[in-house]
>>> print(open('input-v9.txt').read())   # compact mmCIF, C-alpha atoms and all ligand atoms
# COMPACT_ATOMS: atom_id res chain seq x y z
CA MET E 7 205.07 212.78 -3.84
CA SER E 8 207.84 211.24 -5.95
CA LYS E 9 211.34 212.26 -5.07
CA VAL E 10 213.75 212.87 -7.93
CA PHE E 11 217.52 213.16 -7.55
CA ILE E 12 219.51 215.31 -9.94
CA LEU E 13 223.29 215.36 -10.00
CA ALA E 14 224.46 218.99 -10.01
CA GLU E 15 227.15 219.66 -12.59
CA VAL E 16 229.85 222.06 -11.43
CA THR E 17 232.00 223.69 -14.12
CA ASN E 18 234.85 226.05 -13.23
CA GLY E 19 233.51 226.41 -9.70
CA HIS E 20 229.98 227.30 -10.83
CA ILE E 21 226.71 225.40 -11.17
CA ALA E 22 226.39 224.63 -14.89
CA LYS E 23 223.25 225.62 -16.78
CA SER E 24 222.59 221.92 -17.41
CA THR E 25 221.76 221.56 -13.70
CA GLY E 26 218.88 224.01 -14.17
CA GLU E 27 217.74 221.91 -17.13
CA LEU E 28 217.77 218.74 -15.00
CA ALA E 29 215.81 220.57 -12.27
CA THR E 30 213.24 221.68 -14.85
CA PHE E 31 212.77 218.08 -16.04
CA ALA E 32 212.73 216.72 -12.48
CA LYS E 33 210.08 219.21 -11.32
CA ARG E 34 207.64 217.66 -13.83
CA ILE E 35 207.92 214.41 -11.88
CA GLY E 36 208.11 215.34 -8.21
CA SER E 37 210.16 217.04 -5.52
CA VAL E 38 213.72 217.76 -6.56
CA THR E 39 216.85 216.91 -4.59
CA ALA E 40 220.09 218.26 -6.05
CA ILE E 41 223.14 216.19 -5.13
CA VAL E 42 226.34 218.23 -4.98
CA LEU E 43 229.62 216.39 -4.65
CA ASN E 44 232.56 217.77 -2.69
CA GLY E 45 231.07 219.31 0.40
CA LYS E 46 229.05 222.29 1.49
CA ASP E 47 229.65 225.44 -0.53
CA ALA E 48 227.73 228.66 0.10
CA ALA E 49 228.39 230.05 -3.41
CA LEU E 50 227.05 226.90 -5.12
CA GLU E 51 224.08 226.92 -2.75
CA ALA E 52 223.27 230.49 -3.81
CA GLU E 53 223.49 229.58 -7.50
CA LEU E 54 221.17 226.58 -7.01
CA ALA E 55 218.54 228.92 -5.56
CA ASN E 56 217.85 230.09 -9.15
CA TYR E 57 216.25 226.76 -10.00
CA SER E 58 213.20 224.74 -8.92
CA ILE E 59 214.89 222.70 -6.22
CA ASP E 60 213.35 221.47 -2.94
CA GLU E 61 216.41 220.00 -1.26
CA VAL E 62 220.15 220.28 -1.69
CA ARG E 63 222.28 217.40 -0.50
CA PHE E 64 226.01 218.10 -0.21
CA LEU E 65 228.15 214.96 -0.12
CA SER E 66 231.31 215.69 1.85
CA GLY E 67 234.11 213.86 3.59
CA VAL E 68 236.21 212.97 0.54
CA ASP E 69 237.44 214.87 -2.51
CA PHE E 70 235.46 213.21 -5.30
CA ASN E 71 237.56 215.02 -7.91
CA SER E 72 240.57 213.01 -6.84
CA TYR E 73 238.85 209.70 -7.67
CA SER E 74 237.42 208.29 -10.88
CA ALA E 75 233.65 208.21 -11.55
CA ALA E 76 233.39 204.99 -9.52
CA ALA E 77 233.65 206.87 -6.20
CA SER E 78 230.87 209.34 -7.12
CA ALA E 79 228.72 206.42 -8.30
CA SER E 80 229.30 204.56 -5.04
CA ALA E 81 228.21 207.53 -2.89
CA ILE E 82 225.15 208.28 -5.04
CA SER E 83 224.14 204.61 -5.09
CA ALA E 84 224.23 204.48 -1.28
CA LEU E 85 221.95 207.54 -1.15
CA ILE E 86 219.52 205.95 -3.62
CA THR E 87 219.42 202.72 -1.60
CA ALA E 88 218.76 204.70 1.58
CA GLU E 89 216.13 207.11 0.21
CA GLY E 90 214.51 205.30 -2.72
CA PRO E 91 213.97 208.15 -5.21
CA THR E 92 211.83 207.56 -8.31
CA ALA E 93 214.59 208.72 -10.61
CA LEU E 94 218.15 209.98 -10.85
CA LEU E 95 218.73 212.51 -13.63
CA ILE E 96 222.25 213.24 -14.83
CA SER E 97 223.57 215.40 -17.63
CA SER E 98 224.64 213.43 -20.74
CA THR E 99 228.33 214.26 -20.54
CA ALA E 100 231.05 211.60 -20.76
CA GLN E 101 231.55 211.80 -16.98
CA GLY E 102 227.79 211.91 -16.34
CA LYS E 103 227.14 208.82 -18.44
CA GLU E 104 229.91 206.90 -16.72
CA ILE E 105 228.47 207.72 -13.29
CA ALA E 106 224.95 206.87 -14.50
CA ALA E 107 226.01 203.47 -15.85
CA ARG E 108 227.79 202.56 -12.62
CA VAL E 109 224.84 203.70 -10.45
CA SER E 110 222.49 201.70 -12.66
CA VAL E 111 224.49 198.49 -12.10
CA ARG E 112 224.99 199.07 -8.36
CA THR E 113 221.31 199.83 -7.66
CA LYS E 114 219.91 197.38 -10.25
CA SER E 115 218.09 200.30 -11.89
CA GLY E 116 217.16 200.56 -15.54
CA ILE E 117 218.99 203.26 -17.49
CA ILE E 118 218.18 205.47 -20.49
CA THR E 119 220.98 207.57 -21.94
CA ASP E 120 221.03 210.64 -24.18
CA ALA E 121 217.35 211.45 -23.69
CA ILE E 122 216.15 214.75 -25.14
CA ASP E 123 212.88 214.83 -23.20
CA LEU E 124 211.33 213.29 -20.10
CA ASP E 125 207.68 213.62 -19.20
CA SER E 126 205.91 213.52 -15.85
CA ASN E 127 205.36 209.73 -16.22
CA LEU E 128 209.09 209.18 -16.71
CA ILE E 129 208.69 208.41 -20.41
CA ALA E 130 211.95 209.43 -22.05
CA THR E 131 212.41 210.54 -25.66
CA GLN E 132 215.58 209.73 -27.57
CA SER E 133 216.49 210.88 -31.06
CA VAL E 134 218.46 208.13 -32.79
CA PHE E 135 219.91 207.26 -36.21
CA GLY E 136 220.99 210.83 -36.86
CA GLY E 137 217.66 212.29 -35.77
CA SER E 138 215.66 210.20 -38.26
CA THR E 139 213.95 208.08 -35.57
CA THR E 140 212.36 209.11 -32.29
CA VAL E 141 212.20 206.52 -29.50
CA HIS E 142 209.97 206.71 -26.42
CA SER E 143 210.90 204.42 -23.55
CA LYS E 144 210.36 203.93 -19.86
CA VAL E 145 212.30 202.20 -17.13
CA ASN E 146 210.32 199.70 -15.05
CA SER E 147 212.66 199.35 -12.07
CA PRO E 148 211.82 201.32 -8.88
CA CYS E 149 214.46 203.96 -9.71
CA ALA E 150 215.01 205.15 -13.28
CA VAL E 151 218.48 206.44 -14.17
CA VAL E 152 218.19 208.88 -17.07
CA THR E 153 220.88 210.99 -18.69
CA LEU E 154 219.60 214.04 -20.55
CA ARG E 155 221.38 215.86 -23.33
CA PRO E 156 222.31 219.44 -22.44
CA ASN E 157 220.19 222.17 -24.08
CA SER E 158 217.16 219.91 -24.51
CA ILE E 159 214.85 222.12 -22.46
CA GLU E 160 214.38 225.81 -21.66
CA VAL E 161 215.37 226.29 -18.02
CA VAL E 162 212.52 227.42 -15.79
CA SER E 163 214.19 229.76 -13.31
CA VAL E 164 212.21 230.23 -10.14
CA ALA E 165 213.84 231.56 -7.01
CA SER E 166 213.49 228.65 -4.61
CA THR E 167 214.11 228.09 -0.94
CA PHE E 168 215.26 224.62 -0.09
CA THR E 169 216.38 222.41 2.74
CA VAL E 170 220.13 221.97 2.86
CA LEU E 171 221.53 218.65 4.11
CA GLU E 172 225.09 217.44 4.32
CA SER E 173 226.05 213.77 4.28
CA SER E 174 229.60 212.83 5.10
CA VAL E 175 231.14 209.75 3.53
CA THR E 176 234.49 208.08 4.17
CA GLU E 177 236.85 206.40 1.75
CA ALA E 178 236.13 203.10 3.51
CA GLU E 179 232.38 203.53 2.91
CA LEU E 180 232.98 204.13 -0.80
CA GLY E 181 234.73 200.76 -0.95
CA ALA E 182 238.15 199.63 -2.17
CA ASN E 183 236.94 199.01 -5.74
CA SER E 184 235.62 202.57 -6.04
CA THR E 185 238.71 204.31 -4.69
CA ARG E 186 241.40 202.26 -6.40
CA ASP E 187 241.88 204.76 -9.26
CA ARG E 188 243.22 208.19 -8.37
CA VAL E 189 243.20 211.33 -10.53
CA LEU E 190 246.71 212.77 -10.35
CA SER E 191 246.26 215.93 -12.41
CA VAL E 192 243.66 217.68 -14.51
CA ALA E 193 244.44 220.16 -17.30
CA ALA E 194 241.66 222.50 -18.37
CA ALA E 195 241.07 222.58 -22.13
CA VAL E 196 242.23 225.81 -23.72
CA SER E 197 239.03 227.61 -24.68
CA GLY E 198 240.63 230.69 -26.21
CA GLY E 199 238.30 232.96 -24.26
CA ARG E 200 235.20 231.99 -26.25
CA PRO E 201 232.09 230.55 -24.59
CA GLU E 202 231.72 226.80 -24.16
CA LEU E 203 229.99 225.20 -27.16
CA THR E 204 227.22 223.57 -25.13
CA GLU E 205 226.58 226.68 -23.03
CA ALA E 206 226.76 229.33 -25.81
CA LYS E 207 223.73 231.39 -26.84
CA ILE E 208 225.19 231.89 -30.33
CA ILE E 209 227.33 229.40 -32.27
CA VAL E 210 229.07 230.02 -35.58
CA SER E 211 230.20 226.78 -37.23
CA GLY E 212 232.47 226.21 -40.20
CA GLY E 213 232.58 223.24 -42.54
CA ARG E 214 234.48 221.99 -45.56
CA GLY E 215 233.56 225.23 -47.31
CA THR E 216 236.11 227.07 -45.16
CA ASN E 217 238.81 225.04 -46.90
CA GLY E 218 240.67 225.02 -43.59
CA ASP E 219 240.64 228.78 -43.02
CA PHE E 220 238.49 229.46 -39.95
CA GLY E 221 239.62 233.11 -39.73
CA ALA E 222 236.36 234.58 -41.05
CA VAL E 223 234.29 232.20 -38.89
CA GLU E 224 236.25 233.12 -35.75
CA ALA E 225 236.09 236.84 -36.54
CA ILE E 226 232.28 236.89 -36.74
CA ALA E 227 232.05 234.60 -33.70
CA ASP E 228 234.11 237.09 -31.68
CA ALA E 229 232.04 240.02 -32.94
CA LEU E 230 228.91 238.21 -31.74
CA GLY E 231 230.43 236.80 -28.53
CA ALA E 232 229.73 233.35 -29.96
CA ALA E 233 231.30 229.91 -29.65
CA VAL E 234 232.89 228.28 -32.70
CA GLY E 235 231.68 224.90 -33.91
CA ALA E 236 232.72 222.71 -36.83
CA SER E 237 231.39 219.96 -39.05
CA ARG E 238 233.02 216.55 -38.97
CA ALA E 239 234.55 217.20 -42.38
CA ALA E 240 236.40 220.13 -40.80
CA THR E 241 237.46 218.29 -37.65
CA ASP E 242 238.49 215.13 -39.52
CA ALA E 243 240.64 217.27 -41.80
CA GLY E 244 242.39 218.61 -38.69
CA TRP E 245 241.20 222.15 -39.37
CA TYR E 246 239.48 222.48 -36.00
CA PRO E 247 239.67 220.43 -32.76
CA HIS E 248 237.32 217.44 -32.46
CA SER E 249 236.03 218.92 -29.19
CA HIS E 250 234.24 221.55 -31.34
CA GLN E 251 232.47 219.05 -33.61
CA VAL E 252 228.71 219.43 -33.77
CA GLY E 253 226.56 216.47 -34.75
CA GLN E 254 225.69 212.86 -34.22
CA THR E 255 229.21 211.91 -33.16
CA GLY E 256 230.00 215.35 -31.78
CA LYS E 257 228.19 217.71 -29.44
CA THR E 258 224.46 218.37 -29.39
CA VAL E 259 223.74 222.08 -29.20
CA SER E 260 220.58 224.10 -29.06
CA PRO E 261 221.61 227.77 -29.02
CA SER E 262 219.40 230.78 -29.72
CA VAL E 263 221.27 231.31 -32.99
CA TYR E 264 223.26 228.75 -35.01
CA MET E 265 225.19 229.97 -38.06
CA ALA E 266 226.32 227.23 -40.45
CA CYS E 267 229.04 228.50 -42.79
CA GLY E 268 230.14 226.30 -45.67
CA ILE E 269 228.28 223.31 -44.19
CA SER E 270 226.07 221.24 -46.49
CA GLY E 271 223.66 220.08 -43.76
CA ALA E 272 224.19 216.32 -43.75
CA ILE E 273 221.76 214.43 -41.51
CA GLN E 274 224.55 213.61 -39.05
CA HIS E 275 225.36 217.33 -38.66
CA ARG E 276 221.71 218.28 -38.36
CA ALA E 277 221.27 215.71 -35.58
CA GLY E 278 223.43 217.93 -33.37
CA MET E 279 221.98 221.36 -34.14
CA GLN E 280 218.48 221.10 -35.60
CA THR E 281 216.80 222.14 -32.33
CA SER E 282 218.58 225.55 -32.46
CA LYS E 283 216.04 228.37 -32.12
CA LEU E 284 217.20 230.29 -35.22
CA ILE E 285 219.34 228.75 -37.95
CA VAL E 286 221.30 230.91 -40.38
CA ALA E 287 223.04 229.26 -43.33
CA ILE E 288 225.70 230.66 -45.61
CA ASN E 289 226.47 228.41 -48.54
CA LYS E 290 227.37 229.04 -52.16
CA ASP E 291 225.19 226.11 -53.32
CA PRO E 292 221.50 227.17 -53.39
CA ASP E 293 220.49 223.47 -53.28
CA ALA E 294 222.47 222.66 -50.11
CA PRO E 295 220.20 220.71 -47.70
CA ILE E 296 221.06 223.09 -44.85
CA PHE E 297 218.69 225.63 -46.47
CA ASP E 298 215.79 223.19 -45.81
CA ILE E 299 216.06 223.86 -42.06
CA ALA E 300 217.45 227.41 -42.16
CA ASP E 301 215.35 230.37 -40.99
CA PHE E 302 217.66 232.77 -42.87
CA GLY E 303 219.94 231.83 -45.71
CA VAL E 304 222.55 233.61 -47.77
CA VAL E 305 223.59 232.01 -51.05
CA GLY E 306 227.14 233.19 -51.42
CA ASP E 307 230.81 232.67 -50.77
CA LEU E 308 231.45 232.72 -47.03
CA PHE E 309 234.73 234.58 -47.62
CA ASN E 310 232.70 237.46 -49.09
CA VAL E 311 229.65 237.28 -46.84
CA LEU E 312 231.24 236.82 -43.40
CA PRO E 313 233.68 239.79 -43.47
CA GLN E 314 230.85 242.10 -44.58
CA ALA E 315 228.54 240.78 -41.85
CA THR E 316 231.33 241.09 -39.25
CA ALA E 317 232.05 244.68 -40.29
CA ALA E 318 228.33 245.54 -40.06
CA ILE E 319 228.06 243.97 -36.58
CA LEU E 320 231.16 245.79 -35.32
CA ALA E 321 229.90 249.08 -36.81
CA LYS E 322 226.57 248.63 -35.02
CA LYS E 323 228.34 247.88 -31.73
CA ALA E 324 230.70 250.89 -32.01
C1 LIG E 401 228.36 207.58 -38.59
C2 LIG E 401 228.60 209.00 -39.04
C3 LIG E 401 228.64 210.00 -38.08
C4 LIG E 401 228.84 211.32 -38.46
N1 LIG E 401 228.84 212.31 -37.51
C5 LIG E 401 228.95 213.59 -37.90
C6 LIG E 401 228.90 214.66 -36.94
O1 LIG E 401 228.80 214.44 -35.73
N2 LIG E 401 228.97 215.91 -37.41
C7 LIG E 401 229.10 216.23 -38.72
O2 LIG E 401 229.17 217.41 -39.06
N3 LIG E 401 229.17 215.26 -39.64
C8 LIG E 401 229.12 213.96 -39.26
N4 LIG E 401 229.23 212.97 -40.19
C9 LIG E 401 229.66 213.34 -41.57
C10 LIG E 401 228.53 213.87 -42.43
O3 LIG E 401 227.89 212.79 -43.09
C11 LIG E 401 229.07 214.86 -43.50
O4 LIG E 401 230.06 214.19 -44.25
C12 LIG E 401 229.68 216.13 -42.94
O5 LIG E 401 228.77 216.73 -42.02
C13 LIG E 401 229.96 217.09 -44.07
O6 LIG E 401 230.59 218.23 -43.57
P1 LIG E 401 230.47 219.59 -44.37
O7 LIG E 401 229.04 219.99 -44.47
O8 LIG E 401 231.41 220.54 -43.74
O9 LIG E 401 231.09 219.20 -45.78
P2 LIG E 401 230.37 219.03 -47.20
O10 LIG E 401 229.23 218.10 -47.12
O11 LIG E 401 231.46 218.73 -48.17
O12 LIG E 401 229.77 220.45 -47.49
C14 LIG E 401 230.55 221.59 -47.71
C15 LIG E 401 229.58 222.70 -48.09
O13 LIG E 401 230.31 223.91 -48.19
C16 LIG E 401 229.79 224.64 -49.32
N5 LIG E 401 230.87 225.55 -49.72
C17 LIG E 401 232.04 225.24 -50.31
N6 LIG E 401 232.81 226.36 -50.43
C18 LIG E 401 232.08 227.39 -49.93
C19 LIG E 401 232.32 228.77 -49.78
N7 LIG E 401 233.51 229.34 -50.15
N8 LIG E 401 231.35 229.54 -49.23
C20 LIG E 401 230.15 229.00 -48.86
N9 LIG E 401 229.88 227.67 -48.97
C21 LIG E 401 230.84 226.88 -49.49
C22 LIG E 401 229.42 223.59 -50.34
O14 LIG E 401 228.46 224.09 -51.22
C23 LIG E 401 228.90 222.47 -49.44
O15 LIG E 401 227.49 222.56 -49.27
C24 LIG E 401 229.04 211.63 -39.84
C25 LIG E 401 229.00 210.61 -40.78
C26 LIG E 401 228.79 209.32 -40.40
C27 LIG E 401 228.73 208.25 -41.45
>>> encode(input="input-v9.txt", output="structure tokens")
Amino acid sequence: MSKVFILAEVTNGHIAKSTGELATFAKRIGSVTAIVLNGKDAALEAELANYSIDEVRFLSGVDFNSYSAAASASAISALITAEGPTALLISSTAQGKEIAARVSVRTKSGIITDAIDLDSNLIATQSVFGGSTTVHSKVNSPCAVVTLRPNSIEVVSVASTFTVLESSVTEAELGANSTRDRVLSVAAAVSGGRPELTEAKIIVSGGRGTNGDFGAVEAIADALGAAVGASRAATDAGWYPHSHQVGQTGKTVSPSVYMACGISGAIQHRAGMQTSKLIVAINKDPDAPIFDIADFGVVGDLFNVLPQATAAILAKKA
């Protein structure tokens, strides 16, 4: 049976949902080994038991967080060389893609980045040119390195029992080139208490139609427990941080509900949110392209519609 490695993503001390997504993809291909950097951790082990995983491999001995991606790539590459998995799946984050690229070079493996699907024959699907073109491709080298966009698959949660292994590595084994850069400090981004954009079940996004006033968007987001997103027009104007941009050059999201407020629905915006389960659009232009993909639409001024909707939601919750 093929063995597939997935790199567990740990966010704020917890296994990120994207790890469950990688496990779900990997299970289509073969037995799943989750690699966890930074040593054995009972709490992380318990969280991994929610997903279809056959083996958990803790890499210990050094603090990977204190090195750049090169150190993680070095340790993972050594494991691939020793165990010869069919594939390594990593989440398509900036850090994930850097590790994937380095592992690909070190192990002479082919790489596919930003895939949105991966079938049992390791054929990956990518959505390119703003979602207008779908590409299917496959790596021919013995190990395929594939990064998968978060929220591309519904996590299959099955309580699993797995073998737990711990491999200790030393700084010398990682190599001088991989440990030359040191991380001196890390500052967590201020999230304002709202859910992370890529993890949120509900996202309310604002565009140029807000005219820079995100108050109504934030108010309904808070009433719904939602994350706040923005179009590039809004982030380029400096109205909202670039880290909240949804779209081709921003984040790809696939929440249960996506509310687009004062967003026209340009192809580059749609590329980042069109796989949302339910799309709600509020726009004063009845011909706005966002209505073509919306499940529910309100033609109206967001400054009239949103406060009324927020009041109704709060009244229902009271
Ligand atoms: C290479 C490239 C990459 C790009 N990447 C991205 C990306 O990642 N994400 C992204 O979003 N864009 C991206 N863009 C930009 C994209 O093409 C659009 O310009 C952008 O999405 C438009 O943002 P918008 O919908 O907020 O603004 P507009 O297109 O100006 O639309 C504003 C909408 O608000 C409505 N409106 C105005 N006032 C109100 C009101 N009071 N109430 C209700 N509705 C109102 C208007 O009717 C209009 O439909 C990219 C472009 C390029 C070329």
>>> atom_distance(input="input-v9.txt", atom1="atom O9 of ligand LIG 401 (chain E)", atom2="atom CA of Ser138 of chain E")
19.4 Å
>>> residues_near_ligand(input="input-v9.txt", ligand="ligand LIG 401 (chain E)", cutoff="8 Å", atoms="all atoms listed in the file", output="PyMOL selection string")
chain E and resi 136+212-217+236-240+251-257+267-278+288-292+294-296+305-309
>>> closest_residue(input="input-v9.txt", among="E:Thr140, E:Leu28, E:Thr167, E:Ser72", to="Ala52 of chain E", atoms="all atoms listed in the file")
E:Thr167
>>> atom_distance(input="input-v9.txt", atom1="atom CA of Ala287 of chain E", atom2="atom CA of Ile319 of chain E")
16.9 Å
>>> atom_distance(input="input-v9.txt", atom1="atom CA of Ala88 of chain E", atom2="atom CA of Gly36 of chain E")
18.0 Å
>>> closest_residue(input="input-v9.txt", among="E:Leu65, E:Ala14, E:Ile226, E:Leu203", to="Val311 of chain E", atoms="only C-alpha atoms")
E:Ile226
>>> closest_residue(input="input-v9.txt", among="E:Ala76, E:Val109, E:Leu312, E:Ala317", to="Thr185 of chain E", atoms="all atoms listed in the file")
E:Ala76
>>> closest_residue(input="input-v9.txt", among="E:Asn18, E:Thr281, E:Asn71, E:Ser66", to="Lys46 of chain E", atoms="all atoms listed in the file")
E:Ser66
>>> closest_residue(input="input-v9.txt", among="E:Val68, E:Ser83, E:Leu95, E:Asp242", to="Ser110 of chain E", atoms="all atoms listed in the file")
E:Ser83
>>> closest_residue(input="input-v9.txt", among="E:Thr99, E:Gln132, E:Thr241, E:Ser78", to="Val42 of chain E", atoms="only C-alpha atoms")
E:Ser78
>>> residues_around(input="input-v9.txt", residues="Val38 of chain E", least_positions_apart="5", cutoff="9 Å", atoms="only C-alpha atoms", output="ChimeraX atom specification")
/E:8-12,29,32-33,58-62
>>> residues_around(input="input-v9.txt", residues="Ala165 of chain E", least_positions_apart="3", cutoff="8 Å", atoms="all atoms listed in the file", output="count of residues only")
4
>>> residues_around(input="input-v9.txt", residues="Pro201 of chain E", least_positions_apart="2", cutoff="12 Å", atoms="only C-alpha atoms", output="mmCIF file with C-alpha atoms, in the frame of the given file")
data_model
loop_
_atom_site.group_PDB
_atom_site.id
_atom_site.type_symbol
_atom_site.label_atom_id
_atom_site.label_comp_id
_atom_site.auth_asym_id
_atom_site.auth_seq_id
_atom_site.Cartn_x
_atom_site.Cartn_y
_atom_site.Cartn_z
ATOM 1 C CA VAL E 196 242.230 225.810 -23.720
ATOM 2 C CA SER E 197 239.030 227.610 -24.680
ATOM 3 C CA GLY E 198 240.630 230.690 -26.210
ATOM 4 C CA GLY E 199 238.300 232.960 -24.260
ATOM 5 C CA LEU E 203 229.990 225.200 -27.160
ATOM 6 C CA THR E 204 227.220 223.570 -25.130
ATOM 7 C CA GLU E 205 226.580 226.680 -23.030
ATOM 8 C CA ALA E 206 226.760 229.330 -25.810
ATOM 9 C CA LYS E 207 223.730 231.390 -26.840
ATOM 10 C CA ILE E 208 225.190 231.890 -30.330
ATOM 11 C CA ILE E 209 227.330 229.400 -32.270
ATOM 12 C CA VAL E 210 229.070 230.020 -35.580
ATOM 13 C CA ALA E 227 232.050 234.600 -33.700
ATOM 14 C CA ASP E 228 234.110 237.090 -31.680
ATOM 15 C CA LEU E 230 228.910 238.210 -31.740
ATOM 16 C CA GLY E 231 230.430 236.800 -28.530
ATOM 17 C CA ALA E 232 229.730 233.350 -29.960
ATOM 18 C CA ALA E 233 231.300 229.910 -29.650
ATOM 19 C CA VAL E 234 232.890 228.280 -32.700
ATOM 20 C CA GLY E 235 231.680 224.900 -33.910
ATOM 21 C CA HIS E 250 234.240 221.550 -31.340
ATOM 22 C CA PRO E 261 221.610 227.770 -29.020
#
>>> decode(input="input-v9.txt", residues="segment 54-88 of chain E", atoms="C-alpha atoms", output="mmCIF file, in the first residue's frame")
data_model
loop_
_atom_site.group_PDB
_atom_site.id
_atom_site.type_symbol
_atom_site.label_atom_id
_atom_site.label_comp_id
_atom_site.auth_asym_id
_atom_site.auth_seq_id
_atom_site.Cartn_x
_atom_site.Cartn_y
_atom_site.Cartn_z
ATOM 1 C CA LEU E 54 -4.851 14.190 15.326
ATOM 2 C CA ALA E 55 -6.995 11.245 16.427
ATOM 3 C CA ASN E 56 -9.994 13.054 14.866
ATOM 4 C CA TYR E 57 -8.652 12.419 11.378
ATOM 5 C CA SER E 58 -7.931 9.413 9.146
ATOM 6 C CA ILE E 59 -4.302 8.940 10.101
ATOM 7 C CA ASP E 60 -2.385 5.639 10.366
ATOM 8 C CA GLU E 61 0.891 6.870 11.810
ATOM 9 C CA VAL E 62 2.091 9.983 13.582
ATOM 10 C CA ARG E 63 5.765 10.835 13.348
ATOM 11 C CA PHE E 64 7.017 13.464 15.791
ATOM 12 C CA LEU E 65 10.323 15.047 14.779
ATOM 13 C CA SER E 66 12.156 16.151 17.908
ATOM 14 C CA GLY E 67 15.621 17.151 19.023
ATOM 15 C CA VAL E 68 15.631 20.729 17.737
ATOM 16 C CA ASP E 69 13.204 23.647 17.907
ATOM 17 C CA PHE E 70 12.146 23.977 14.266
ATOM 18 C CA ASN E 71 10.388 27.261 15.046
ATOM 19 C CA SER E 72 13.732 28.856 15.752
ATOM 20 C CA TYR E 73 15.014 28.109 12.234
ATOM 21 C CA SER E 74 13.797 29.127 8.794
ATOM 22 C CA ALA E 75 11.880 26.710 6.532
ATOM 23 C CA ALA E 76 15.188 25.200 5.384
ATOM 24 C CA ALA E 77 15.601 23.227 8.628
ATOM 25 C CA SER E 78 12.097 21.706 8.415
ATOM 26 C CA ALA E 79 12.720 20.863 4.752
ATOM 27 C CA SER E 80 16.017 19.184 5.614
ATOM 28 C CA ALA E 81 14.437 16.940 8.278
ATOM 29 C CA ILE E 82 11.451 16.024 6.089
ATOM 30 C CA SER E 83 13.712 15.301 3.103
ATOM 31 C CA ALA E 84 15.793 12.886 5.188
ATOM 32 C CA LEU E 85 12.601 11.061 6.206
ATOM 33 C CA ILE E 86 11.462 10.842 2.578
ATOM 34 C CA THR E 87 14.840 9.458 1.493
ATOM 35 C CA ALA E 88 14.710 6.869 4.281
#
